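Trainee: Enclosed is the structure file my_file.csv (CSV, C-alpha atoms and all ligand atoms).
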```
chain,number,residue,atom,x,y,z
A,1,MET,CA,-4.6,-15.9,31.3
A,2,PRO,CA,-4.3,-13.0,28.8
A,3,GLY,CA,-1.0,-11.2,29.3
A,4,TYR,CA,0.5,-14.2,31.1
A,5,GLU,CA,1.0,-16.6,28.2
A,6,PRO,CA,4.3,-18.5,28.3
A,7,PHE,CA,7.1,-17.0,26.1
A,8,LEU,CA,7.4,-18.6,22.7
A,9,LEU,CA,10.9,-19.3,21.4
A,10,CYS,CA,11.1,-18.0,17.8
A,11,ASP,CA,13.5,-17.8,14.8
A,12,PHE,CA,12.2,-15.8,11.9
A,13,HIS,CA,15.2,-15.9,9.6
A,14,ILE,CA,16.1,-19.3,8.1
A,15,HIS,CA,17.6,-20.3,4.7
A,16,THR,CA,17.3,-23.7,3.1
A,17,ARG,CA,18.5,-25.3,-0.1
A,18,TRP,CA,15.8,-23.3,-1.9
A,19,SER,CA,18.5,-20.6,-1.8
A,20,ASP,CA,22.0,-20.8,-0.2
A,21,GLY,CA,21.2,-22.9,2.9
A,22,GLN,CA,22.7,-26.4,3.4
A,23,LEU,CA,19.6,-28.2,4.6
A,24,GLY,CA,16.2,-28.8,3.0
A,25,VAL,CA,13.0,-27.5,4.6
A,26,ALA,CA,12.2,-31.0,6.1
A,27,GLU,CA,15.7,-31.2,7.6
A,28,VAL,CA,15.4,-27.8,9.1
A,29,VAL,CA,12.0,-28.7,10.6
A,30,ASP,CA,13.5,-31.8,12.2
A,31,LEU,CA,16.6,-30.0,13.5
A,32,TYR,CA,14.5,-27.3,15.2
A,33,GLY,CA,11.7,-29.7,16.2
A,34,LYS,CA,13.9,-32.3,17.8
A,35,THR,CA,15.3,-29.8,20.3
A,36,GLY,CA,11.8,-29.7,21.8
A,37,LYS,CA,12.2,-26.0,22.5
A,38,PHE,CA,11.1,-24.1,19.5
A,39,ASP,CA,7.6,-22.8,19.0
A,40,VAL,CA,7.8,-20.8,15.8
A,41,ILE,CA,10.2,-20.7,12.9
A,42,ALA,CA,10.1,-19.0,9.5
A,43,ILE,CA,11.6,-20.2,6.3
A,44,THR,CA,13.0,-17.1,4.5
A,45,ASP,CA,15.0,-18.0,1.4
A,46,HIS,CA,16.6,-15.3,-0.7
A,47,ILE,CA,14.9,-13.7,-3.6
A,48,LEU,CA,17.8,-12.1,-5.5
A,49,MET,CA,18.2,-9.3,-8.0
A,50,ASP,CA,18.6,-10.5,-11.6
A,51,SER,CA,22.1,-9.0,-11.6
A,52,ASP,CA,23.2,-10.4,-8.3
A,53,TRP,CA,27.0,-10.5,-8.3
A,54,LEU,CA,27.5,-12.9,-5.4
A,55,ALA,CA,25.1,-15.4,-6.9
A,56,ARG,CA,26.8,-15.2,-10.2
A,57,ALA,CA,30.2,-15.8,-8.7
A,58,GLY,CA,28.8,-18.6,-6.5
A,59,ARG,CA,27.2,-20.4,-9.4
A,60,LEU,CA,30.5,-20.3,-11.3
A,61,ALA,CA,32.4,-21.5,-8.3
A,62,THR,CA,30.1,-24.4,-7.8
A,63,LEU,CA,29.7,-25.1,-11.5
A,64,GLY,CA,26.0,-24.4,-11.2
A,65,ARG,CA,25.4,-27.1,-8.7
A,66,ARG,CA,24.1,-24.7,-6.0
A,67,ARG,CA,21.2,-22.3,-6.2
A,68,PHE,CA,21.4,-19.0,-4.4
A,69,GLY,CA,17.9,-17.7,-4.6
A,70,VAL,CA,14.3,-18.8,-5.2
A,71,ARG,CA,13.2,-17.8,-8.7
A,72,LYS,CA,9.8,-16.5,-9.7
A,73,ASP,CA,9.1,-19.8,-11.6
A,74,ASP,CA,9.9,-21.8,-8.5
A,75,PHE,CA,8.0,-19.7,-6.0
A,76,ALA,CA,4.7,-21.7,-6.0
A,77,ALA,CA,6.6,-24.9,-5.5
A,78,TYR,CA,8.7,-23.2,-2.7
A,79,LEU,CA,5.5,-22.2,-0.8
A,80,ALA,CA,4.0,-25.6,-1.3
A,81,ASP,CA,7.1,-27.3,0.1
A,82,ILE,CA,6.9,-25.0,3.2
A,83,LYS,CA,3.1,-25.6,3.6
A,84,GLN,CA,3.5,-29.3,3.5
A,85,GLU,CA,6.4,-29.3,6.1
A,86,ALA,CA,4.5,-26.8,8.2
A,87,ALA,CA,1.6,-29.3,8.6
A,88,ARG,CA,4.0,-32.0,9.6
A,89,ALA,CA,5.9,-29.7,12.0
A,90,LEU,CA,2.7,-28.7,13.8
A,91,GLU,CA,1.6,-32.4,14.1
A,92,GLN,CA,5.0,-33.8,15.0
A,93,TYR,CA,6.5,-31.1,17.1
A,94,GLY,CA,3.8,-28.6,17.9
A,95,MET,CA,5.9,-26.1,16.1
A,96,LEU,CA,4.5,-23.3,13.8
A,97,VAL,CA,6.3,-22.8,10.5
A,98,VAL,CA,5.7,-19.5,8.6
A,99,ALA,CA,6.5,-19.0,4.9
A,100,GLY,CA,8.6,-16.0,4.2
A,101,ALA,CA,11.3,-14.7,1.9
A,102,GLU,CA,14.3,-12.4,2.2
A,103,VAL,CA,14.1,-9.9,-0.6
A,104,THR,CA,17.9,-9.4,-1.1
A,105,GLN,CA,19.7,-6.6,-2.8
A,106,ASN,CA,23.5,-7.1,-3.2
A,107,CYS,CA,25.4,-4.4,-5.0
A,108,LEU,CA,29.1,-4.8,-4.6
A,109,ARG,CA,30.1,-1.7,-6.5
A,110,GLY,CA,29.2,2.0,-6.4
A,111,LYS,CA,25.7,1.7,-5.2
A,112,GLY,CA,27.0,-0.3,-2.2
A,113,LYS,CA,25.1,1.9,0.2
A,114,LYS,CA,21.8,1.1,-1.5
A,115,ASN,CA,21.5,-2.4,-0.2
A,116,SER,CA,18.6,-3.7,1.9
A,117,HIS,CA,17.7,-7.2,2.9
A,118,ILE,CA,14.0,-7.3,3.8
A,119,ILE,CA,12.2,-10.3,5.1
A,120,ALA,CA,8.5,-10.7,4.2
A,121,LEU,CA,6.8,-13.0,6.7
A,122,ASP,CA,3.6,-14.8,5.6
A,123,ILE,CA,4.2,-13.9,2.0
A,124,THR,CA,1.8,-15.2,-0.6
A,125,GLN,CA,3.2,-13.9,-3.8
A,126,TYR,CA,6.7,-13.4,-5.3
A,127,ILE,CA,8.3,-10.0,-4.7
A,128,SER,CA,11.0,-8.8,-7.1
A,129,ALA,CA,14.3,-7.6,-5.6
A,130,ASP,CA,14.8,-5.4,-8.7
A,131,GLN,CA,12.8,-2.4,-7.3
A,132,PRO,CA,13.5,0.3,-4.7
A,133,ALA,CA,13.3,-0.7,-1.0
A,134,ARG,CA,10.2,1.5,-0.6
A,135,SER,CA,8.3,-0.4,-3.3
A,136,ILE,CA,9.4,-3.8,-1.7
A,137,LEU,CA,8.1,-2.6,1.7
A,138,GLN,CA,4.8,-1.4,0.1
A,139,GLU,CA,4.3,-4.7,-1.7
A,140,ILE,CA,4.8,-6.5,1.6
A,141,ARG,CA,2.1,-4.3,3.2
A,142,ARG,CA,-0.2,-4.9,0.2
A,143,GLN,CA,0.1,-8.7,0.8
A,144,GLY,CA,-0.7,-8.3,4.4
A,145,ALA,CA,2.7,-9.7,5.2
A,146,LEU,CA,5.1,-8.5,7.9
A,147,SER,CA,8.5,-6.9,7.1
A,148,ILE,CA,11.8,-7.3,9.0
A,149,ALA,CA,14.8,-5.1,8.2
A,150,CYS,CA,17.6,-7.7,8.3
A,151,HIS,CA,21.0,-6.9,9.9
A,152,PRO,CA,20.3,-3.2,9.2
A,153,HIS,CA,23.5,-2.1,10.8
A,154,HIS,CA,25.9,-4.2,8.8
A,155,ARG,CA,28.5,-1.9,7.2
A,156,ARG,CA,31.2,-3.1,4.8
A,157,ALA,CA,34.6,-3.4,6.4
A,158,PRO,CA,37.3,-1.6,4.4
A,159,ARG,CA,38.9,-3.8,1.7
A,160,ARG,CA,36.7,-6.7,2.3
A,161,LEU,CA,34.4,-8.2,-0.3
A,162,GLU,CA,31.1,-7.9,1.5
A,163,ILE,CA,28.1,-5.8,1.3
A,164,SER,CA,26.6,-3.1,3.5
A,165,THR,CA,22.9,-3.6,4.3
A,166,CYS,CA,22.4,-0.3,6.1
A,167,TYR,CA,20.1,1.4,3.6
A,168,LEU,CA,17.0,1.1,5.6
A,169,TRP,CA,18.7,2.2,8.8
A,170,ASP,CA,20.3,5.2,7.0
A,171,HIS,CA,16.8,6.1,5.6
A,172,ARG,CA,14.8,5.3,8.7
A,173,ASP,CA,13.3,8.8,8.9
A,174,ASP,CA,11.6,8.2,5.5
A,175,LEU,CA,11.0,4.4,5.7
A,176,SER,CA,10.4,3.4,9.3
A,177,ASP,CA,6.6,3.7,8.9
A,178,LEU,CA,6.8,0.8,6.4
A,179,VAL,CA,9.2,-1.4,8.4
A,180,ASP,CA,7.4,-3.6,10.9
A,181,VAL,CA,10.4,-4.9,12.9
A,182,TRP,CA,14.2,-4.3,13.0
A,183,GLU,CA,16.7,-7.2,13.4
A,184,ALA,CA,18.6,-6.1,16.5
A,185,ALA,CA,20.6,-9.3,16.7
A,186,ASN,CA,21.7,-11.6,13.8
A,187,ARG,CA,23.4,-15.0,14.5
A,188,ASP,CA,26.3,-14.1,16.8
A,189,ASP,CA,26.1,-10.3,16.6
A,190,LEU,CA,24.1,-8.0,18.8
A,191,PHE,CA,24.0,-4.6,17.2
A,192,SER,CA,24.7,-1.7,19.5
A,193,VAL,CA,22.1,0.7,18.5
A,194,THR,CA,21.5,3.6,20.8
A,195,SER,CA,18.0,4.3,19.7
A,196,LEU,CA,16.9,0.6,19.9
A,197,LYS,CA,14.1,1.3,22.3
A,198,HIS,CA,12.4,3.5,19.7
A,199,PHE,CA,11.9,0.7,17.3
A,200,PRO,CA,10.3,-2.8,17.4
A,201,TYR,CA,13.0,-5.5,17.3
A,202,VAL,CA,13.7,-9.2,16.8
A,203,ALA,CA,16.7,-11.5,17.0
A,204,ASN,CA,17.3,-14.2,14.5
A,205,SER,CA,19.8,-16.8,13.5
A,206,ASP,CA,20.1,-16.1,9.7
A,207,PHE,CA,20.4,-19.9,9.6
A,208,HIS,CA,22.4,-21.4,6.7
A,209,LYS,CA,23.9,-24.5,8.3
A,210,ALA,CA,23.2,-26.7,11.3
A,211,LYS,CA,25.6,-25.0,13.7
A,212,HIS,CA,23.7,-21.7,13.2
A,213,LEU,CA,20.9,-23.2,15.4
A,214,TYR,CA,23.0,-21.9,18.3
A,215,SER,CA,22.6,-18.1,18.0
A,216,TRP,CA,20.4,-15.2,18.9
A,217,LYS,CA,16.7,-15.8,19.0
A,218,THR,CA,13.5,-14.0,20.0
A,219,LEU,CA,11.1,-14.7,22.9
A,220,LEU,CA,7.5,-13.5,22.4
A,221,ARG,CA,4.7,-13.7,24.9
A,222,CYS,CA,1.5,-14.5,23.0
A,223,GLU,CA,-0.6,-17.4,21.8
A,224,LYS,CA,0.9,-19.8,19.3
A,225,ASN,CA,-0.8,-18.8,16.1
A,226,TRP,CA,0.3,-16.5,13.3
A,227,PRO,CA,-2.3,-13.6,13.8
A,228,GLU,CA,-1.3,-13.3,17.5
A,229,ILE,CA,2.4,-13.6,16.7
A,230,LYS,CA,2.2,-11.0,14.1
A,231,LYS,CA,0.4,-8.7,16.5
A,232,ALA,CA,3.0,-9.4,19.2
A,233,LEU,CA,5.9,-8.6,16.8
A,234,ARG,CA,4.2,-5.3,15.8
A,235,SER,CA,3.3,-4.2,19.3
A,236,ASN,CA,6.7,-5.5,20.6
A,237,VAL,CA,5.8,-5.1,24.2
A,238,ASP,CA,6.6,-8.5,25.7
A,239,VAL,CA,9.7,-9.3,23.7
A,240,ALA,CA,13.1,-10.5,24.6
A,241,LEU,CA,16.4,-11.4,22.9
A,242,THR,CA,17.9,-14.7,24.0
A,243,LEU,CA,21.0,-16.5,23.1
A,244,PHE,CA,20.2,-20.2,22.3
A,245,ARG,CA,23.4,-22.1,23.3
A,246,ASN,CA,24.7,-25.5,22.6
A,247,GLY,CA,24.9,-26.7,26.3
A,248,SER,CA,27.9,-24.6,27.1
A,249,TRP,CA,29.2,-21.1,26.1
A,250,ALA,CA,32.5,-22.8,25.3
A,251,ALA,CA,31.0,-25.2,22.7
A,301,ZN,ZN,20.7,-11.0,4.6
A,302,ZN,ZN,19.5,-14.1,5.5
```
What is this structure when it is put down as structure tokens?
Ligand code: ZN
Ligand code: ZN
Mentor:
Amino acid sequence: MPGYEPFLLCDFHIHTRWSDGQLGVAEVVDLYGKTGKFDVIAITDHILMDSDWLARAGRLATLGRRRFGVRKDDFAAYLADIKQEAARALEQYGMLVVAGAEVTQNCLRGKGKKNSHIIALDITQYISADQPARSILQEIRRQGALSIACHPHHRRAPRRLEISTCYLWDHRDDLSDLVDVWEAANRDDLFSVTSLKHFPYVANSDFHKAKHLYSWKTLLRCEKNWPEIKKALRSNVDVALTLFRNGSWAA
């Protein structure tokens, strides 16, 4: 009955070995699928800036063995891998897999406040991270994809080598029309945002390794197909944040 569909358990933020995740797309599908609980997941590997400092340091540290972002040249193969696994996931587990990417800006110095990590869901073409956040959001709209402002409240702790990703939140007056959904919870963190109710939100795992399966997730009430899920994310009426646990809170 319309309006009384069962809630779908969703995770819209997952990294694989196409960027800095530990598992391949097939392994991710099996990990989520075998729980028998998930309805929708999105593969959202990083697209990095050409000058990304963290990726450069990481490649040096791992002697080039690990990749940290999907490159433009690989993008068609990346989408094809997801498409193939999506067909299997639907048949084997009844689970919908959406192709996405996290367009990632990491500036460690000076321009630290200018970082944004933006997920594009149902992306069809590569989007460069080397352009202003507004242009990234406009390109997502142009593709008919859906944008998520990732961990928009993460601010750098003093003296720690990490990045702030609060650019979109700090510029929400200018940019919120272009942001479809805000990530109100990411992995173990629930952001305390006073004006949360004024924005559409989701909760995601930011999955990089198997233990990240147990983290914040989203429940959506709609039919299990991408057009309806997209509509439900945008309207954000029947939505809930839920903590998916490993049997016990003490685990
Ligand atoms: Zn991120
Ligand atoms: Zn991420």
Trainee: Could you give me, as CSV, every chain A residue with an atom at most 12 Å from ligand ZN 301 (chain A), plus its closest atom pair and distance in Å to one decimal, counting only C-alpha atoms and all ligand atoms, rows ordered by chain then number?
Mentor:
```
residue,atom,partner,partner_atom,distance
A:His13,CA,A:ZN301,ZN,8.9
A:Ile14,CA,A:ZN301,ZN,10.1
A:His15,CA,A:ZN301,ZN,9.8
A:Ser19,CA,A:ZN301,ZN,11.7
A:Asp20,CA,A:ZN301,ZN,11.0
A:Thr44,CA,A:ZN301,ZN,9.8
A:Asp45,CA,A:ZN301,ZN,9.6
A:His46,CA,A:ZN301,ZN,8.0
A:Ile47,CA,A:ZN301,ZN,10.4
A:Leu48,CA,A:ZN301,ZN,10.6
A:Gly69,CA,A:ZN301,ZN,11.7
A:Ala101,CA,A:ZN301,ZN,10.5
A:Glu102,CA,A:ZN301,ZN,7.0
A:Val103,CA,A:ZN301,ZN,8.5
A:Thr104,CA,A:ZN301,ZN,6.5
A:Gln105,CA,A:ZN301,ZN,8.7
A:Asn106,CA,A:ZN301,ZN,9.2
A:Asn115,CA,A:ZN301,ZN,9.9
A:Ser116,CA,A:ZN301,ZN,8.1
A:His117,CA,A:ZN301,ZN,5.1
A:Ile118,CA,A:ZN301,ZN,7.7
A:Ile119,CA,A:ZN301,ZN,8.5
A:Ile148,CA,A:ZN301,ZN,10.6
A:Ala149,CA,A:ZN301,ZN,9.1
A:Cys150,CA,A:ZN301,ZN,5.8
A:His151,CA,A:ZN301,ZN,6.7
A:Pro152,CA,A:ZN301,ZN,9.1
A:His153,CA,A:ZN301,ZN,11.2
A:His154,CA,A:ZN301,ZN,9.5
A:Glu162,CA,A:ZN301,ZN,11.3
A:Ile163,CA,A:ZN301,ZN,9.6
A:Ser164,CA,A:ZN301,ZN,9.9
A:Thr165,CA,A:ZN301,ZN,7.7
A:Cys166,CA,A:ZN301,ZN,10.9
A:Glu183,CA,A:ZN301,ZN,10.4
A:Asn186,CA,A:ZN301,ZN,9.3
A:Arg187,CA,A:ZN301,ZN,11.0
A:Asn204,CA,A:ZN301,ZN,10.9
A:Ser205,CA,A:ZN301,ZN,10.7
A:Asp206,CA,A:ZN301,ZN,7.2
A:Phe207,CA,A:ZN301,ZN,10.2
A:His208,CA,A:ZN301,ZN,10.7
```
Trainee: Rank A:Met49, A:Arg221, A:Met1, A:Glu27 by their smallest atom-to-atom distance to Ala129 in chain A, using all atoms listed in the file, and report the top residue only.
Mentor: A:Met49
Trainee: Work out how far CA of Asp81 in chain A is from CA of Thr16 in chain A, in Å to one decimal.
Mentor: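 That distance, rounded to one decimal, is 11.2 Å.
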Trainee: Residues near range 246-251 of chain A, anyone? I mean within 9 Å using only C-alpha atoms, not counting same-chain ones fewer than 5 positions away, as a ChimeraX atom specification.
Mentor: /A:211,213-215
Trainee: Using only C-alpha atoms and all ligand atoms for the distances, tell me which of A:His212, A:Asp130, A:Ser176, A:Val239 is nearest to ligand ZN 302 (chain A).
Mentor: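 Closest to ligand ZN 302 (chain A), using only C-alpha atoms and all ligand atoms: A:His212.
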Trainee: Pick from A:Asp177, A:Asp73, A:Asp52, A:Asp170: nearest to Arg141 in chain A, with all atoms listed in the file counted?
Mentor: A:Asp177
Trainee: To one decimal in Å, tell me the separation between CA of Cys107 in chain A and CA of Ala57 in chain A.
Mentor: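 If I compute the distance from CA of Cys107 in chain A to CA of Ala57 in chain A, I get 12.9 Å.
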Trainee: Let me make sure I understand: among A:Ile41, A:Asp30, A:Leu60, A:Leu79, which one has the smallest atom-to-atom distance to Trp18 in chain A if we use all atoms listed in the file?
Mentor: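 The answer is A:Leu79, which sits nearest to Trp18 in chain A.
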Trainee: Pick the closest to Phe12 in chain A from A:Thr62, A:Gln138, A:Gln125, A:Ser147: which is it, counting all atoms listed in the file?
Mentor: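 That would be A:Ser147, the residue with the smallest distance to Phe12 in chain A.
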Trainee: Which residue, A:Ile82, A:Ala120, A:Val179, A:Cys10, has the smallest gap to ligand ZN 302 (chain A) when you use all atoms listed in the file?
Mentor: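 Ranking A:Ile82, A:Ala120, A:Val179, A:Cys10 by distance to ligand ZN 302 (chain A), first place goes to A:Ala120.
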Trainee: Go ahead and find all residues with at least one atom no further than 6 Å from (9.1, -25.6, 8.6) in the file's coordinates, using all atoms listed in the file; report them as a PDB file with C-alpha atoms, in the frame of the given file.
Mentor:
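point_5.pdb, written as the output of this step:
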```pdb
ATOM      1  CA  VAL A  25      13.000 -27.500   4.600  1.00  0.00           C
ATOM      2  CA  VAL A  29      12.000 -28.700  10.600  1.00  0.00           C
ATOM      3  CA  ILE A  82       6.900 -25.000   3.200  1.00  0.00           C
ATOM      4  CA  GLU A  85       6.400 -29.300   6.100  1.00  0.00           C
ATOM      5  CA  ALA A  86       4.500 -26.800   8.200  1.00  0.00           C
ATOM      6  CA  VAL A  97       6.300 -22.800  10.500  1.00  0.00           C
TER       7      VAL A  97
END
```
Trainee: Just how far from CA of Arg17 in chain A is CA of Ala157 in chain A, in Å to one decimal?
Mentor: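 So the answer is 27.9 Å.
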Trainee: Could you list, as a list of chain:residue names, every residue within 8 Å of Thr242 in chain A, counting all atoms listed in the file and ignoring same-chain residues fewer than 5 positions away?
Mentor: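 Returned residues: A:Ala203, A:Trp216, A:Lys217, A:Thr218, A:Leu219.
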Trainee: Output C-alpha atoms for every residue in that selection, as a PDB file, in the coordinates of the input.
Mentor:
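Saved to selection-v7.pdb:
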```pdb
ATOM      1  CA  ALA A 203      16.700 -11.500  17.000  1.00  0.00           C
ATOM      2  CA  TRP A 216      20.400 -15.200  18.900  1.00  0.00           C
ATOM      3  CA  LYS A 217      16.700 -15.800  19.000  1.00  0.00           C
ATOM      4  CA  THR A 218      13.500 -14.000  20.000  1.00  0.00           C
ATOM      5  CA  LEU A 219      11.100 -14.700  22.900  1.00  0.00           C
TER       6      LEU A 219
END
```
